[in-house]
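Visitor: A single structure is presented below for examination.
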Amino acid sequence: MLTIARETYDALVDHARSGTPAEVCGVLGGTHGDEASTATTARRVENVAETPRTRYALDAAEQLQAIEAIEAEGLETVGFYHSHPAGPPGPSETDAANATWPGVSYVIVVLDGAHPYVGSWRWTGEAFRQETVALR
Amino acid sequence: MRVTVEVVGEDTHEVEVPADATYADLLQPLDVSPHEISVLVDGRPVPEDATVDAEEVTVLRLIKGG
């Protein structure tokens, strides 16, 4: 399960909306657990993919800076987020083919409906396993 | 030469390599694929085929998809 602080949830949706039609991405910080994590901060990272409307790639140097900033606050890297401005409402084949970080949450903000949908999946090393998302 | 290799979010390794080793050579003892990671020195990505010129190296799993 991933619990997302309300202001962090709003920050993810705001970032996704402001980036449309391109995908946006970033790092989530908080407390990490194998079964239950809590995200209390989101740090934006530039999407450096060549085709940002359909792909995302975190800038490596910015990604490292974001992780170090989260750790400097005494928090852990909970996972990463990106947006799907036009769906699908879950990890794409490209997401699965490129997933690298076992045990963390991959959050996707989907904007193809009247209201945003925020889902989360843990990468097991072989597949994405969807987890419950709760707000607090 | 001896190089400290930190895999972000995982372990830190001490790796012994020849003086003419490349950053890719540093990865061989580790459980990471060169296609999945970026090697950084002082916070900046370095080419994996470049000769190692640092005592501390960071290995970062790339986050990308569609």
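Please note that chains go A, B, ... in the order of the structure tokens, that every chain numbers its residues from 1, and that ligands are numbered from 1 in the order shown.
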Residues of chain A within 6 Å of chain B, counting only C-alpha atoms - could you list those as a PyMOL selection string?

Guide: chain A and resi 54-58+61+94-95+98

Visitor: With all heavy atoms retained, write the just-selected residues as a PDB file, in the first residue's frame.

Guide:
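Generated output (result-v2.pdb):
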ATOM      1  N   THR A  54       5.051  10.709 -25.274  1.00  0.00           N
ATOM      2  CA  THR A  54       4.762   9.280 -25.125  1.00  0.00           C
ATOM      3  C   THR A  54       5.826   8.536 -24.319  1.00  0.00           C
ATOM      4  O   THR A  54       5.685   7.336 -24.087  1.00  0.00           O
ATOM      5  CB  THR A  54       4.654   8.606 -26.512  1.00  0.00           C
ATOM      6  OG1 THR A  54       5.859   8.869 -27.245  1.00  0.00           O
ATOM      7  CG2 THR A  54       3.459   9.135 -27.276  1.00  0.00           C
ATOM      8  N   ARG A  55       6.873   9.226 -23.918  1.00  0.00           N
ATOM      9  CA  ARG A  55       7.943   8.588 -23.143  1.00  0.00           C
ATOM     10  C   ARG A  55       8.363   9.514 -22.015  1.00  0.00           C
ATOM     11  O   ARG A  55       8.173  10.726 -22.088  1.00  0.00           O
ATOM     12  CB  ARG A  55       9.170   8.309 -24.040  1.00  0.00           C
ATOM     13  CG  ARG A  55       8.937   7.318 -25.156  1.00  0.00           C
ATOM     14  CD  ARG A  55       8.910   5.895 -24.640  1.00  0.00           C
ATOM     15  NE  ARG A  55       8.860   4.933 -25.731  1.00  0.00           N
ATOM     16  CZ  ARG A  55       7.759   4.510 -26.324  1.00  0.00           C
ATOM     17  NH1 ARG A  55       6.580   4.999 -25.938  1.00  0.00           N
ATOM     18  NH2 ARG A  55       7.790   3.618 -27.286  1.00  0.00           N
ATOM     19  N   TYR A  56       8.968   8.901 -20.988  1.00  0.00           N
ATOM     20  CA  TYR A  56       9.573   9.737 -19.964  1.00  0.00           C
ATOM     21  C   TYR A  56      10.908   9.130 -19.570  1.00  0.00           C
ATOM     22  O   TYR A  56      11.126   7.916 -19.672  1.00  0.00           O
ATOM     23  CB  TYR A  56       8.661   9.880 -18.737  1.00  0.00           C
ATOM     24  CG  TYR A  56       8.707   8.716 -17.781  1.00  0.00           C
ATOM     25  CD1 TYR A  56       9.474   8.760 -16.612  1.00  0.00           C
ATOM     26  CD2 TYR A  56       8.003   7.549 -18.038  1.00  0.00           C
ATOM     27  CE1 TYR A  56       9.522   7.696 -15.728  1.00  0.00           C
ATOM     28  CE2 TYR A  56       8.049   6.471 -17.164  1.00  0.00           C
ATOM     29  CZ  TYR A  56       8.810   6.551 -16.012  1.00  0.00           C
ATOM     30  OH  TYR A  56       8.865   5.494 -15.149  1.00  0.00           O
ATOM     31  N   ALA A  57      11.819  10.003 -19.148  1.00  0.00           N
ATOM     32  CA  ALA A  57      13.124   9.576 -18.642  1.00  0.00           C
ATOM     33  C   ALA A  57      13.599  10.655 -17.686  1.00  0.00           C
ATOM     34  O   ALA A  57      13.717  11.824 -18.075  1.00  0.00           O
ATOM     35  CB  ALA A  57      14.118   9.382 -19.783  1.00  0.00           C
ATOM     36  N   LEU A  58      13.832  10.288 -16.445  1.00  0.00           N
ATOM     37  CA  LEU A  58      14.321  11.273 -15.489  1.00  0.00           C
ATOM     38  C   LEU A  58      15.752  11.651 -15.835  1.00  0.00           C
ATOM     39  O   LEU A  58      16.586  10.773 -16.097  1.00  0.00           O
ATOM     40  CB  LEU A  58      14.280  10.718 -14.056  1.00  0.00           C
ATOM     41  CG  LEU A  58      12.935  10.830 -13.311  1.00  0.00           C
ATOM     42  CD1 LEU A  58      11.912   9.869 -13.896  1.00  0.00           C
ATOM     43  CD2 LEU A  58      13.126  10.579 -11.821  1.00  0.00           C
ATOM     44  N   ALA A  61      21.227  13.393 -13.453  1.00  0.00           N
ATOM     45  CA  ALA A  61      21.835  14.282 -12.459  1.00  0.00           C
ATOM     46  C   ALA A  61      20.762  14.870 -11.540  1.00  0.00           C
ATOM     47  O   ALA A  61      20.935  14.952 -10.318  1.00  0.00           O
ATOM     48  CB  ALA A  61      22.614  15.394 -13.154  1.00  0.00           C
ATOM     49  N   THR A  94       6.076  -0.325 -22.334  1.00  0.00           N
ATOM     50  CA  THR A  94       7.357   0.381 -22.256  1.00  0.00           C
ATOM     51  C   THR A  94       7.776   0.572 -20.806  1.00  0.00           C
ATOM     52  O   THR A  94       8.955   0.457 -20.470  1.00  0.00           O
ATOM     53  CB  THR A  94       7.244   1.752 -22.946  1.00  0.00           C
ATOM     54  OG1 THR A  94       6.747   1.555 -24.267  1.00  0.00           O
ATOM     55  CG2 THR A  94       8.586   2.443 -23.017  1.00  0.00           C
ATOM     56  N   ASP A  95       6.801   0.868 -19.936  1.00  0.00           N
ATOM     57  CA  ASP A  95       7.123   1.023 -18.510  1.00  0.00           C
ATOM     58  C   ASP A  95       7.719  -0.272 -17.963  1.00  0.00           C
ATOM     59  O   ASP A  95       8.717  -0.261 -17.234  1.00  0.00           O
ATOM     60  CB  ASP A  95       5.863   1.378 -17.714  1.00  0.00           C
ATOM     61  CG  ASP A  95       5.384   2.792 -17.988  1.00  0.00           C
ATOM     62  OD1 ASP A  95       6.225   3.650 -18.278  1.00  0.00           O
ATOM     63  OD2 ASP A  95       4.166   3.016 -17.901  1.00  0.00           O
ATOM     64  N   ASN A  98      11.280  -1.140 -19.144  1.00  0.00           N
ATOM     65  CA  ASN A  98      12.356  -0.270 -18.667  1.00  0.00           C
ATOM     66  C   ASN A  98      12.449  -0.173 -17.149  1.00  0.00           C
ATOM     67  O   ASN A  98      13.287   0.567 -16.637  1.00  0.00           O
ATOM     68  CB  ASN A  98      12.177   1.139 -19.249  1.00  0.00           C
ATOM     69  CG  ASN A  98      12.454   1.183 -20.733  1.00  0.00           C
ATOM     70  OD1 ASN A  98      13.599   1.176 -21.168  1.00  0.00           O
ATOM     71  ND2 ASN A  98      11.393   1.187 -21.534  1.00  0.00           N
TER      72      ASN A  98
END

Visitor: Enumerate, as an MDAnalysis selection string, the complete set of residues in chain A that a backbone-based DSSP assignment places in strand (DSSP E).

Guide: chainID A and resid 2:4 25:31 37:45 56:57 76:84 105:110 117:123 128:131 133:135

Visitor: Quick one: residues within 8 Å of Phe128 (chain A), only C-alpha atoms, excluding same-chain residues fewer than 6 positions away - as a PyMOL selection string?

Guide: chain A and resi 91+96+121-122

Visitor: Quick one, how far is CA of Glu7 (chain A) from CA of Val48 (chain A)?

Guide: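 If I compute the distance from CA of Glu7 (chain A) to CA of Val48 (chain A), I get 25.8 Å.
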
Visitor: In Å to one decimal, how far is CA of Glu73 (chain A) from CA of Pro116 (chain A)?

Guide: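 Going from CA of Pro116 (chain A) over to CA of Glu73 (chain A) covers 29.0 Å.
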
Visitor: If DSSP is run on the backbone, what residues of chain B are helix (DSSP H, G or I)? A reply as a PyMOL selection string would be ideal.

Guide: chain B and resi 23-27+34-36

Visitor: Tell me, as an MDAnalysis selection string, which residues lie within 12 Å of Ala19 (chain B), counting only C-alpha atoms; anything in the same chain fewer than 4 positions away does not count.

Guide: chainID B and resid 1:3 23 25:26 50:55

Visitor: Keeping only all heavy atoms, write those residues as a short mmCIF file (atom, residue, chain, number, x, y, z; two decimals), in the first residue's frame.

Guide:
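Ended up saving to again_3.cif:
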data_model
loop_
_atom_site.label_atom_id
_atom_site.label_comp_id
_atom_site.auth_asym_id
_atom_site.auth_seq_id
_atom_site.Cartn_x
_atom_site.Cartn_y
_atom_site.Cartn_z
N MET B 1 43.87 0.34 -9.03
CA MET B 1 43.35 1.39 -8.15
C MET B 1 42.07 0.92 -7.48
O MET B 1 41.36 0.04 -7.98
CB MET B 1 43.12 2.69 -8.94
CG MET B 1 42.03 2.58 -10.01
SD MET B 1 41.86 4.07 -11.01
CE MET B 1 41.29 5.25 -9.80
N ARG B 2 41.80 1.53 -6.32
CA ARG B 2 40.63 1.14 -5.54
C ARG B 2 39.57 2.25 -5.66
O ARG B 2 39.87 3.42 -5.45
CB ARG B 2 41.05 0.95 -4.08
CG ARG B 2 40.04 0.21 -3.23
CD ARG B 2 40.67 -0.09 -1.87
NE ARG B 2 39.80 -0.90 -1.02
CZ ARG B 2 39.68 -2.22 -1.12
NH1 ARG B 2 40.36 -2.88 -2.03
NH2 ARG B 2 38.87 -2.88 -0.32
N VAL B 3 38.36 1.83 -5.99
CA VAL B 3 37.30 2.81 -6.22
C VAL B 3 36.09 2.44 -5.34
O VAL B 3 35.71 1.27 -5.25
CB VAL B 3 36.87 2.84 -7.70
CG1 VAL B 3 35.79 3.88 -7.93
CG2 VAL B 3 38.07 3.09 -8.60
N TYR B 23 34.73 2.92 -16.69
CA TYR B 23 33.63 2.90 -15.72
C TYR B 23 32.79 1.63 -15.90
O TYR B 23 32.24 1.10 -14.94
CB TYR B 23 32.79 4.17 -15.86
CG TYR B 23 33.52 5.39 -15.35
CD1 TYR B 23 34.07 6.31 -16.24
CD2 TYR B 23 33.69 5.61 -14.00
CE1 TYR B 23 34.76 7.42 -15.78
CE2 TYR B 23 34.38 6.71 -13.52
CZ TYR B 23 34.92 7.61 -14.42
OH TYR B 23 35.63 8.70 -13.96
N ASP B 25 33.93 -1.23 -16.54
CA ASP B 25 34.64 -2.31 -15.83
C ASP B 25 34.26 -2.32 -14.34
O ASP B 25 34.25 -3.39 -13.71
CB ASP B 25 36.16 -2.13 -15.97
CG ASP B 25 36.63 -2.32 -17.40
OD1 ASP B 25 35.98 -3.09 -18.14
OD2 ASP B 25 37.64 -1.69 -17.77
N LEU B 26 33.97 -1.14 -13.80
CA LEU B 26 33.59 -1.06 -12.39
C LEU B 26 32.29 -1.80 -12.10
O LEU B 26 32.03 -2.24 -10.98
CB LEU B 26 33.40 0.40 -11.97
CG LEU B 26 34.63 1.28 -11.80
CD1 LEU B 26 34.20 2.69 -11.48
CD2 LEU B 26 35.52 0.73 -10.70
N ALA B 50 34.69 5.64 -20.70
CA ALA B 50 35.81 6.51 -20.33
C ALA B 50 36.65 5.83 -19.25
O ALA B 50 36.16 5.01 -18.48
CB ALA B 50 35.28 7.85 -19.81
N THR B 51 37.93 6.20 -19.21
CA THR B 51 38.82 5.65 -18.19
C THR B 51 38.47 6.22 -16.82
O THR B 51 38.20 7.42 -16.70
CB THR B 51 40.29 6.00 -18.53
OG1 THR B 51 40.58 5.50 -19.84
CG2 THR B 51 41.25 5.39 -17.53
N VAL B 52 38.49 5.36 -15.83
CA VAL B 52 38.12 5.78 -14.47
C VAL B 52 39.10 6.85 -13.98
O VAL B 52 40.32 6.66 -14.03
CB VAL B 52 38.14 4.58 -13.49
CG1 VAL B 52 37.82 5.05 -12.08
CG2 VAL B 52 37.13 3.53 -13.95
N ASP B 53 38.54 7.97 -13.53
CA ASP B 53 39.35 9.08 -13.05
C ASP B 53 38.74 9.65 -11.78
O ASP B 53 38.58 10.85 -11.63
CB ASP B 53 39.45 10.16 -14.14
CG ASP B 53 40.42 11.27 -13.75
OD1 ASP B 53 41.33 11.00 -12.95
OD2 ASP B 53 40.24 12.41 -14.21
N ALA B 54 38.32 8.76 -10.90
CA ALA B 54 37.70 9.19 -9.65
C ALA B 54 37.82 8.07 -8.63
O ALA B 54 37.84 6.90 -8.99
CB ALA B 54 36.23 9.53 -9.88
N GLU B 55 37.91 8.45 -7.36
CA GLU B 55 37.98 7.45 -6.30
C GLU B 55 36.60 7.08 -5.78
O GLU B 55 36.44 6.07 -5.11
CB GLU B 55 38.85 7.97 -5.15
CG GLU B 55 40.31 8.14 -5.55
CD GLU B 55 41.16 8.65 -4.39
OE1 GLU B 55 40.58 9.06 -3.36
OE2 GLU B 55 42.39 8.63 -4.52
#
